[in-house]
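Printed here is structure_28.cif (mmCIF, C-alpha atoms and all ligand atoms):
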data_query
loop_
_atom_site.group_PDB
_atom_site.id
_atom_site.type_symbol
_atom_site.label_atom_id
_atom_site.label_comp_id
_atom_site.auth_asym_id
_atom_site.auth_seq_id
_atom_site.Cartn_x
_atom_site.Cartn_y
_atom_site.Cartn_z
ATOM 1 C CA MET A 139 4.348 37.107 32.145
ATOM 2 C CA ALA A 140 1.535 34.730 32.884
ATOM 3 C CA THR A 141 1.487 31.375 31.160
ATOM 4 C CA MET A 142 -1.088 30.882 28.424
ATOM 5 C CA THR A 143 -4.058 28.933 29.748
ATOM 6 C CA ALA A 144 -6.196 29.067 26.587
ATOM 7 C CA PRO A 145 -5.694 30.058 22.935
ATOM 8 C CA PRO A 146 -5.258 33.854 23.054
ATOM 9 C CA SER A 147 -7.563 34.639 20.127
ATOM 10 C CA ASP A 148 -10.979 33.374 19.109
ATOM 11 C CA LYS A 149 -11.204 35.752 16.139
ATOM 12 C CA ALA A 150 -12.418 33.778 13.110
ATOM 13 C CA GLU A 151 -10.170 35.704 10.726
ATOM 14 C CA ILE A 152 -6.813 35.071 9.070
ATOM 15 C CA VAL A 153 -4.185 36.966 11.077
ATOM 16 C CA ASP A 154 -0.779 37.863 9.616
ATOM 17 C CA ILE A 155 1.693 36.557 12.218
ATOM 18 C CA LYS A 156 4.693 38.087 10.376
ATOM 19 C CA TYR A 157 6.826 34.950 10.463
ATOM 20 C CA PRO A 158 10.196 36.116 9.081
ATOM 21 C CA PHE A 159 11.010 33.036 6.988
ATOM 22 C CA THR A 160 7.906 32.596 4.843
ATOM 23 C CA ASP A 161 10.003 32.792 1.666
ATOM 24 C CA LEU A 162 12.146 29.891 2.863
ATOM 25 C CA VAL A 163 9.049 27.931 3.771
ATOM 26 C CA ALA A 164 7.587 28.563 0.319
ATOM 27 C CA ARG A 165 10.844 27.477 -1.342
ATOM 28 C CA THR A 166 11.661 24.384 0.722
ATOM 29 C CA SER A 167 8.597 22.983 2.468
ATOM 30 C CA PRO A 168 6.522 20.208 0.877
ATOM 31 C CA GLY A 169 3.522 22.021 2.376
ATOM 32 C CA GLY A 170 0.575 20.862 4.404
ATOM 33 C CA ARG A 171 -2.421 19.439 2.610
ATOM 34 C CA TYR A 172 -5.795 17.773 2.999
ATOM 35 C CA ILE A 173 -6.329 14.232 1.773
ATOM 36 C CA ASP A 174 -10.013 13.569 1.164
ATOM 37 C CA ALA A 175 -9.969 10.049 2.582
ATOM 38 C CA PRO A 176 -13.781 9.668 2.752
ATOM 39 C CA SER A 177 -13.923 9.731 -1.056
ATOM 40 C CA ASP A 178 -12.085 7.238 -3.236
ATOM 41 C CA GLU A 179 -11.166 9.971 -5.727
ATOM 42 C CA GLU A 180 -7.949 11.046 -4.046
ATOM 43 C CA SER A 181 -6.857 7.596 -2.897
ATOM 44 C CA PRO A 182 -8.636 4.325 -3.711
ATOM 45 C CA TRP A 183 -8.939 1.254 -1.511
ATOM 46 C CA ILE A 184 -6.288 -1.182 -2.732
ATOM 47 C CA PRO A 185 -6.513 -4.900 -1.908
ATOM 48 C CA PHE A 186 -4.028 -6.206 0.680
ATOM 49 C CA GLY A 187 -4.771 -9.935 0.639
ATOM 50 C CA ASP A 188 -8.303 -11.331 0.420
ATOM 51 C CA ASN A 189 -9.810 -9.686 3.498
ATOM 52 C CA ALA A 190 -7.988 -6.350 3.765
ATOM 53 C CA ALA A 191 -7.409 -3.151 1.840
ATOM 54 C CA ILE A 192 -5.152 -0.119 2.194
ATOM 55 C CA LYS A 193 -5.980 3.512 1.433
ATOM 56 C CA HIS A 194 -2.639 5.297 1.065
ATOM 57 C CA ILE A 195 -2.423 8.751 2.651
ATOM 58 C CA ALA A 196 1.233 9.849 2.508
ATOM 59 C CA PHE A 197 4.722 8.788 1.445
ATOM 60 C CA ASP A 198 7.819 10.584 2.798
ATOM 61 C CA VAL A 199 11.046 9.074 1.477
ATOM 62 C CA ARG A 200 13.232 11.369 3.623
ATOM 63 C CA GLN A 201 12.012 9.677 6.791
ATOM 64 C CA ASN A 202 10.964 6.295 5.386
ATOM 65 C CA LEU A 203 7.529 7.320 6.572
ATOM 66 C CA PHE A 204 4.200 6.125 5.214
ATOM 67 C CA SER A 205 0.648 6.794 6.259
ATOM 68 C CA ASN A 206 -2.478 4.911 5.350
ATOM 69 C CA ILE A 207 -5.804 3.541 6.511
ATOM 70 C CA LEU A 208 -5.799 -0.234 6.903
ATOM 71 C CA TRP A 209 -9.215 -1.856 6.535
ATOM 72 C CA VAL A 210 -9.633 -5.443 7.684
ATOM 73 C CA LYS A 211 -13.113 -6.185 6.354
ATOM 74 C CA SER A 212 -14.269 -8.976 8.670
ATOM 75 C CA PRO A 213 -12.816 -10.983 11.554
ATOM 76 C CA GLY A 214 -9.260 -11.794 10.532
ATOM 77 C CA VAL A 215 -5.539 -11.565 11.079
ATOM 78 C CA ILE A 216 -2.577 -9.509 9.842
ATOM 79 C CA GLY A 217 0.210 -11.990 10.520
ATOM 80 C CA THR A 218 3.221 -11.538 12.750
ATOM 81 C CA HIS A 219 5.435 -8.588 11.852
ATOM 82 C CA PHE A 220 8.430 -6.827 13.373
ATOM 83 C CA HIS A 221 8.910 -3.049 13.609
ATOM 84 C CA ARG A 222 12.198 -1.228 13.056
ATOM 85 C CA GLY A 223 10.579 2.181 13.491
ATOM 86 C CA THR A 224 7.795 3.913 15.406
ATOM 87 C CA ILE A 225 4.113 3.604 14.573
ATOM 88 C CA MET A 226 1.061 5.486 15.708
ATOM 89 C CA MET A 227 -2.355 4.141 14.816
ATOM 90 C CA VAL A 228 -5.877 5.308 15.608
ATOM 91 C CA CYS A 229 -8.763 2.844 15.578
ATOM 92 C CA LEU A 230 -11.430 4.496 13.398
ATOM 93 C CA GLU A 231 -13.994 1.689 13.231
ATOM 94 C CA GLY A 232 -14.526 -1.792 14.641
ATOM 95 C CA SER A 233 -11.985 -3.158 17.064
ATOM 96 C CA VAL A 234 -8.525 -4.654 17.005
ATOM 97 C CA ARG A 235 -6.136 -6.391 19.377
ATOM 98 C CA TYR A 236 -2.788 -8.155 19.303
ATOM 99 C CA LEU A 237 -2.214 -11.704 20.483
ATOM 100 C CA GLU A 238 0.823 -10.440 22.396
ATOM 101 C CA TYR A 239 -1.010 -7.776 24.469
ATOM 102 C CA ASP A 240 -3.998 -7.714 26.830
ATOM 103 C CA TRP A 241 -5.930 -4.719 25.449
ATOM 104 C CA VAL A 242 -8.549 -4.276 22.726
ATOM 105 C CA ALA A 243 -8.527 -1.028 20.736
ATOM 106 C CA THR A 244 -11.855 0.616 19.914
ATOM 107 C CA PRO A 245 -12.564 4.075 18.369
ATOM 108 C CA PRO A 246 -10.862 6.481 18.988
ATOM 109 C CA GLY A 247 -8.200 4.380 20.710
ATOM 110 C CA VAL A 248 -4.571 5.214 19.973
ATOM 111 C CA ILE A 249 -1.935 2.510 19.494
ATOM 112 C CA LEU A 250 1.793 3.219 19.807
ATOM 113 C CA GLU A 251 4.325 0.705 18.538
ATOM 114 C CA THR A 252 8.067 1.065 18.982
ATOM 115 C CA PRO A 253 11.182 -0.452 17.352
ATOM 116 C CA GLY A 254 12.005 -4.020 18.323
ATOM 117 C CA GLU A 255 8.406 -5.194 18.819
ATOM 118 C CA SER A 256 6.853 -8.064 16.912
ATOM 119 C CA HIS A 257 3.159 -8.812 17.146
ATOM 120 C CA THR A 258 0.143 -10.396 15.481
ATOM 121 C CA LEU A 259 -2.912 -8.271 14.710
ATOM 122 C CA VAL A 260 -6.375 -9.787 15.156
ATOM 123 C CA THR A 261 -9.834 -8.336 14.750
ATOM 124 C CA ASP A 262 -12.769 -10.273 16.181
ATOM 125 C CA HIS A 263 -15.293 -7.564 15.327
ATOM 126 C CA PRO A 264 -18.026 -8.631 12.837
ATOM 127 C CA GLN A 265 -17.130 -5.572 10.713
ATOM 128 C CA GLY A 266 -13.382 -5.990 11.200
ATOM 129 C CA CYS A 267 -11.542 -2.699 11.754
ATOM 130 C CA LYS A 268 -10.298 0.464 10.131
ATOM 131 C CA LEU A 269 -6.987 1.789 11.446
ATOM 132 C CA PHE A 270 -5.381 5.091 10.534
ATOM 133 C CA GLY A 271 -1.602 4.700 10.720
ATOM 134 C CA TRP A 272 1.334 7.140 10.703
ATOM 135 C CA MET A 273 4.263 4.786 10.363
ATOM 136 C CA GLN A 274 7.994 5.275 10.237
ATOM 137 C CA GLY A 275 10.630 2.692 9.445
ATOM 138 C CA PRO A 276 10.607 -0.725 7.859
ATOM 139 C CA ILE A 277 8.272 -3.531 8.921
ATOM 140 C CA ASP A 278 9.436 -7.137 8.509
ATOM 141 C CA PHE A 279 6.777 -9.793 7.818
ATOM 142 C CA PHE A 280 7.112 -13.445 8.811
ATOM 143 C CA ASP A 281 5.227 -16.602 7.867
ATOM 144 C CA GLY A 282 3.479 -18.881 10.369
ATOM 145 C CA ASP A 283 6.745 -20.717 11.050
ATOM 146 C CA GLY A 284 8.617 -17.536 11.926
ATOM 147 C CA LYS A 285 10.485 -17.487 8.616
ATOM 148 C CA PHE A 286 11.216 -14.003 7.276
ATOM 149 C CA VAL A 287 9.242 -13.256 4.103
ATOM 150 C CA GLU A 288 9.536 -9.577 3.152
ATOM 151 C CA THR A 289 10.290 -6.077 4.412
ATOM 152 C CA THR A 290 7.769 -3.334 3.760
ATOM 153 C CA ASP A 291 9.000 0.265 3.754
ATOM 154 C CA VAL A 292 7.967 3.565 2.155
ATOM 155 C CA PHE A 293 8.966 2.270 -1.277
ATOM 156 C CA TRP A 294 7.005 -0.960 -0.820
ATOM 157 C CA PHE A 295 3.878 1.053 0.039
ATOM 158 C CA MET A 296 4.508 3.488 -2.822
ATOM 159 C CA ASN A 297 4.894 0.567 -5.221
ATOM 160 C CA HIS A 298 1.688 -0.981 -3.843
ATOM 161 C CA TYR A 299 -0.122 2.270 -4.660
ATOM 162 C CA GLU A 300 1.452 2.968 -8.048
ATOM 163 C CA THR A 301 1.122 -0.603 -9.348
ATOM 164 C CA TYR A 302 -2.612 -0.578 -8.614
ATOM 165 C CA CYS A 303 -3.051 2.832 -10.252
ATOM 166 C CA ARG A 304 -1.150 1.702 -13.358
ATOM 167 C CA GLU A 305 -3.086 -1.550 -13.660
ATOM 168 C CA ASN A 306 -6.434 0.219 -13.256
ATOM 169 C CA GLY A 307 -5.764 3.297 -15.384
ATOM 170 C CA LEU A 308 -5.950 5.648 -12.395
ATOM 171 C CA PRO A 309 -3.866 8.828 -12.147
ATOM 172 C CA ILE A 310 -1.070 8.994 -9.553
ATOM 173 C CA ASN A 311 -2.074 11.566 -6.929
ATOM 174 C CA GLU A 312 0.974 13.780 -6.316
ATOM 175 C CA LYS A 313 -0.620 15.016 -3.072
ATOM 176 C CA LEU A 314 0.261 11.720 -1.432
ATOM 177 C CA TYR A 315 4.008 12.414 -1.861
ATOM 178 C CA LEU A 316 5.491 14.655 0.828
HETATM 179 FE FE FE B 401 2.505 -3.472 14.167
#

If you convert what's in this file into structure tokens, what do you get?
Ligand SMILES: [Fe+2]
Amino acid sequence: MATMTAPPSDKAEIVDIKYPFTDLVARTSPGGRYIDAPSDEESPWIPFGDNAAIKHIAFDVRQNLFSNILWVKSPGVIGTHFHRGTIMMVCLEGSVRYLEYDWVATPPGVILETPGESHTLVTDHPQGCKLFGWMQGPIDFFDGDGKFVETTDVFWFMNHYETYCRENGLPINEKLYL
């Protein structure tokens, strides 16, 4: 049989593929979903320091996984941090670089970060940057003298979201919890 070289159907109709385990999927899967990130209804921008904000997209406690859009609003720095898991980020707007590396990410550049790396995020762009991130595993933050300050993980990000919602009378959006 020849190998597929293109999607085999271009029919714009729902096709029943007869997957045999749909009942198990319905019973056990958290389900796919759409998060309407362009609006602030489903997930608001939440301050992260004076010059940055986070729009939370997903929390998955099974994998210590968290997804969000990080917005650094003008030229600035997210200080040195250390990864214990794997990160994928996409530059949506502006530009961003790390002091430790020789590249500059611009839209739609993709950044991969792996366990054991520490680095210091800088944006020189007049409008800063927006970065979509799909992040797994804890991130340790350090002060300017290299002294450990705090670990952020899925529960830290969840608490960041829920505290803001509570303090501002906003509902918790269950869609963000996988
Ligand atoms: Fe990082």

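Considering only C-alpha atoms and all ligand atoms, the residues that reside within 7 Å of ligand FE 401 (chain B) can be listed as His219, Phe220, His221, Glu251, Ser256 and His257 of chain A.
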
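Close contacts of A:Gly223, defined as residues with an atom at most 9 Å away when counting only C-alpha atoms, with chain neighbours fewer than 6 positions off set aside, comprise Glu251, Thr252, Pro253, Gly254, Met273, Gln274, Gly275, Pro276 and Ile277 of chain A.
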
Write out as a ChimeraX atom specification which residues come within 12 Å of stretch 161-175 of chain A when counting all atoms listed in the file, dropping same-chain ones fewer than 3 positions away. /A:156-158,178-183,192-198,200,205-208,270,311-316

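With all atoms listed in the file as the atoms that count, the residue of A:Val234, A:Val242, A:Gly217, A:Glu255 with the shortest distance to A:Asp283 is A:Gly217.
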
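Considering the residues A:Leu308, A:Ala140, A:Ala191, A:Met226 and counting only C-alpha atoms, A:Lys268 has its shortest atom-to-atom contact with A:Ala191.
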
For A:Pro245, list every protein, DNA or RNA residue within 12 Å, evaluated using only C-alpha atoms, and leave out those in the same chain fewer than 2 positions away; present the list as a short mmCIF file (atom, residue, chain, number, x, y, z; two decimals) with C-alpha atoms, in the frame of the given file.
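Resulting contents of part19.cif:
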data_model
loop_
_atom_site.label_atom_id
_atom_site.label_comp_id
_atom_site.auth_asym_id
_atom_site.auth_seq_id
_atom_site.Cartn_x
_atom_site.Cartn_y
_atom_site.Cartn_z
CA MET A 227 -2.36 4.14 14.82
CA VAL A 228 -5.88 5.31 15.61
CA CYS A 229 -8.76 2.84 15.58
CA LEU A 230 -11.43 4.50 13.40
CA GLU A 231 -13.99 1.69 13.23
CA GLY A 232 -14.53 -1.79 14.64
CA SER A 233 -11.98 -3.16 17.06
CA VAL A 234 -8.52 -4.65 17.00
CA VAL A 242 -8.55 -4.28 22.73
CA ALA A 243 -8.53 -1.03 20.74
CA GLY A 247 -8.20 4.38 20.71
CA VAL A 248 -4.57 5.21 19.97
CA ILE A 249 -1.94 2.51 19.49
CA CYS A 267 -11.54 -2.70 11.75
CA LYS A 268 -10.30 0.46 10.13
CA LEU A 269 -6.99 1.79 11.45
CA PHE A 270 -5.38 5.09 10.53
#

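The closest residue to A:Trp209, picked from A:Thr160, A:Thr244, A:Thr224, A:Thr261 and counting only C-alpha atoms, is A:Thr261.
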
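Atom CA of A:Gly266 lies 9.2 Å from atom CA of A:Ala190.
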
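One finds atom CA of A:Trp272 at 13.5 Å from atom CA of A:Val199.
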
If you measure from atom CA of A:Asn306 to atom CA of A:Thr289, what distance in Å do you get, rounded to one decimal? 25.1 Å

So which residues are close to (-8.9, -9.8, 0.1), meaning at most 12 Å away in the file's coordinates with all atoms listed in the file counted, and can you show them as a PyMOL selection string? chain A and resi 183-192+209-212+214-216

Show me, as a ChimeraX atom specification, the residues that have an atom within 8 Å of A:Glu288 when counting only C-alpha atoms, minus same-chain residues fewer than 3 positions from it. /A:278-280

So which residues get picked by the PyMOL selection byres (((chain A and resi 238) around 8) and not hetatm) here, written as a PyMOL selection string? chain A and resi 236-237+239-240+257-258

Centre and edges of the stretch 186-196 of chain A box, axis-aligned, 3 Å extra per side, as AutoDock Vina command-line options:
--center_x -4.3 --center_y -0.7 --center_z 2.1 --size_x 17.0 --size_y 27.2 --size_z 9.3

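When only C-alpha atoms are used to measure the gap to A:Gln265, the shortest distance among A:Ile310, A:Lys285, A:Pro213, A:Pro246 belongs to A:Pro213.
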
Kindly reconstruct stretch 151-166 of chain A with N, CA and C atoms and present the result as a PDB file, in the coordinates of the input.
ATOM      1  N   GLU A 151     -10.726  34.976  11.863  1.00  0.00           N
ATOM      2  CA  GLU A 151     -10.170  35.704  10.726  1.00  0.00           C
ATOM      3  C   GLU A 151      -8.728  35.272  10.550  1.00  0.00           C
ATOM      4  N   ILE A 152      -8.231  35.346   9.313  1.00  0.00           N
ATOM      5  CA  ILE A 152      -6.813  35.071   9.070  1.00  0.00           C
ATOM      6  C   ILE A 152      -6.008  36.248   9.616  1.00  0.00           C
ATOM      7  N   VAL A 153      -5.026  35.934  10.468  1.00  0.00           N
ATOM      8  CA  VAL A 153      -4.185  36.966  11.077  1.00  0.00           C
ATOM      9  C   VAL A 153      -2.765  36.808  10.553  1.00  0.00           C
ATOM     10  N   ASP A 154      -2.163  37.899  10.089  1.00  0.00           N
ATOM     11  CA  ASP A 154      -0.779  37.863   9.616  1.00  0.00           C
ATOM     12  C   ASP A 154       0.147  37.820  10.827  1.00  0.00           C
ATOM     13  N   ILE A 155       0.831  36.688  11.043  1.00  0.00           N
ATOM     14  CA  ILE A 155       1.693  36.557  12.218  1.00  0.00           C
ATOM     15  C   ILE A 155       3.116  37.053  11.955  1.00  0.00           C
ATOM     16  N   LYS A 156       3.394  37.496  10.731  1.00  0.00           N
ATOM     17  CA  LYS A 156       4.693  38.087  10.376  1.00  0.00           C
ATOM     18  C   LYS A 156       5.868  37.148  10.674  1.00  0.00           C
ATOM     19  N   TYR A 157       5.711  35.898  10.344  1.00  0.00           N
ATOM     20  CA  TYR A 157       6.826  34.950  10.463  1.00  0.00           C
ATOM     21  C   TYR A 157       7.917  35.373   9.480  1.00  0.00           C
ATOM     22  N   PRO A 158       9.169  35.497   9.934  1.00  0.00           N
ATOM     23  CA  PRO A 158      10.196  36.116   9.081  1.00  0.00           C
ATOM     24  C   PRO A 158      10.719  35.219   7.948  1.00  0.00           C
ATOM     25  N   PHE A 159      10.373  33.942   7.950  1.00  0.00           N
ATOM     26  CA  PHE A 159      11.010  33.036   6.988  1.00  0.00           C
ATOM     27  C   PHE A 159      10.018  32.439   5.993  1.00  0.00           C
ATOM     28  N   THR A 160       8.938  33.156   5.722  1.00  0.00           N
ATOM     29  CA  THR A 160       7.906  32.596   4.843  1.00  0.00           C
ATOM     30  C   THR A 160       8.449  32.296   3.446  1.00  0.00           C
ATOM     31  N   ASP A 161       9.443  33.062   2.998  1.00  0.00           N
ATOM     32  CA  ASP A 161      10.003  32.792   1.666  1.00  0.00           C
ATOM     33  C   ASP A 161      10.757  31.459   1.662  1.00  0.00           C
ATOM     34  N   LEU A 162      11.451  31.179   2.766  1.00  0.00           N
ATOM     35  CA  LEU A 162      12.146  29.891   2.863  1.00  0.00           C
ATOM     36  C   LEU A 162      11.155  28.740   2.945  1.00  0.00           C
ATOM     37  N   VAL A 163      10.093  28.959   3.677  1.00  0.00           N
ATOM     38  CA  VAL A 163       9.049  27.931   3.771  1.00  0.00           C
ATOM     39  C   VAL A 163       8.489  27.653   2.379  1.00  0.00           C
ATOM     40  N   ALA A 164       8.170  28.720   1.658  1.00  0.00           N
ATOM     41  CA  ALA A 164       7.587  28.563   0.319  1.00  0.00           C
ATOM     42  C   ALA A 164       8.550  27.822  -0.608  1.00  0.00           C
ATOM     43  N   ARG A 165       9.871  28.088  -0.439  1.00  0.00           N
ATOM     44  CA  ARG A 165      10.844  27.477  -1.342  1.00  0.00           C
ATOM     45  C   ARG A 165      11.160  26.025  -0.987  1.00  0.00           C
ATOM     46  N   THR A 166      11.117  25.683   0.315  1.00  0.00           N
ATOM     47  CA  THR A 166      11.661  24.384   0.722  1.00  0.00           C
ATOM     48  C   THR A 166      10.644  23.403   1.305  1.00  0.00           C
TER      49      THR A 166
END
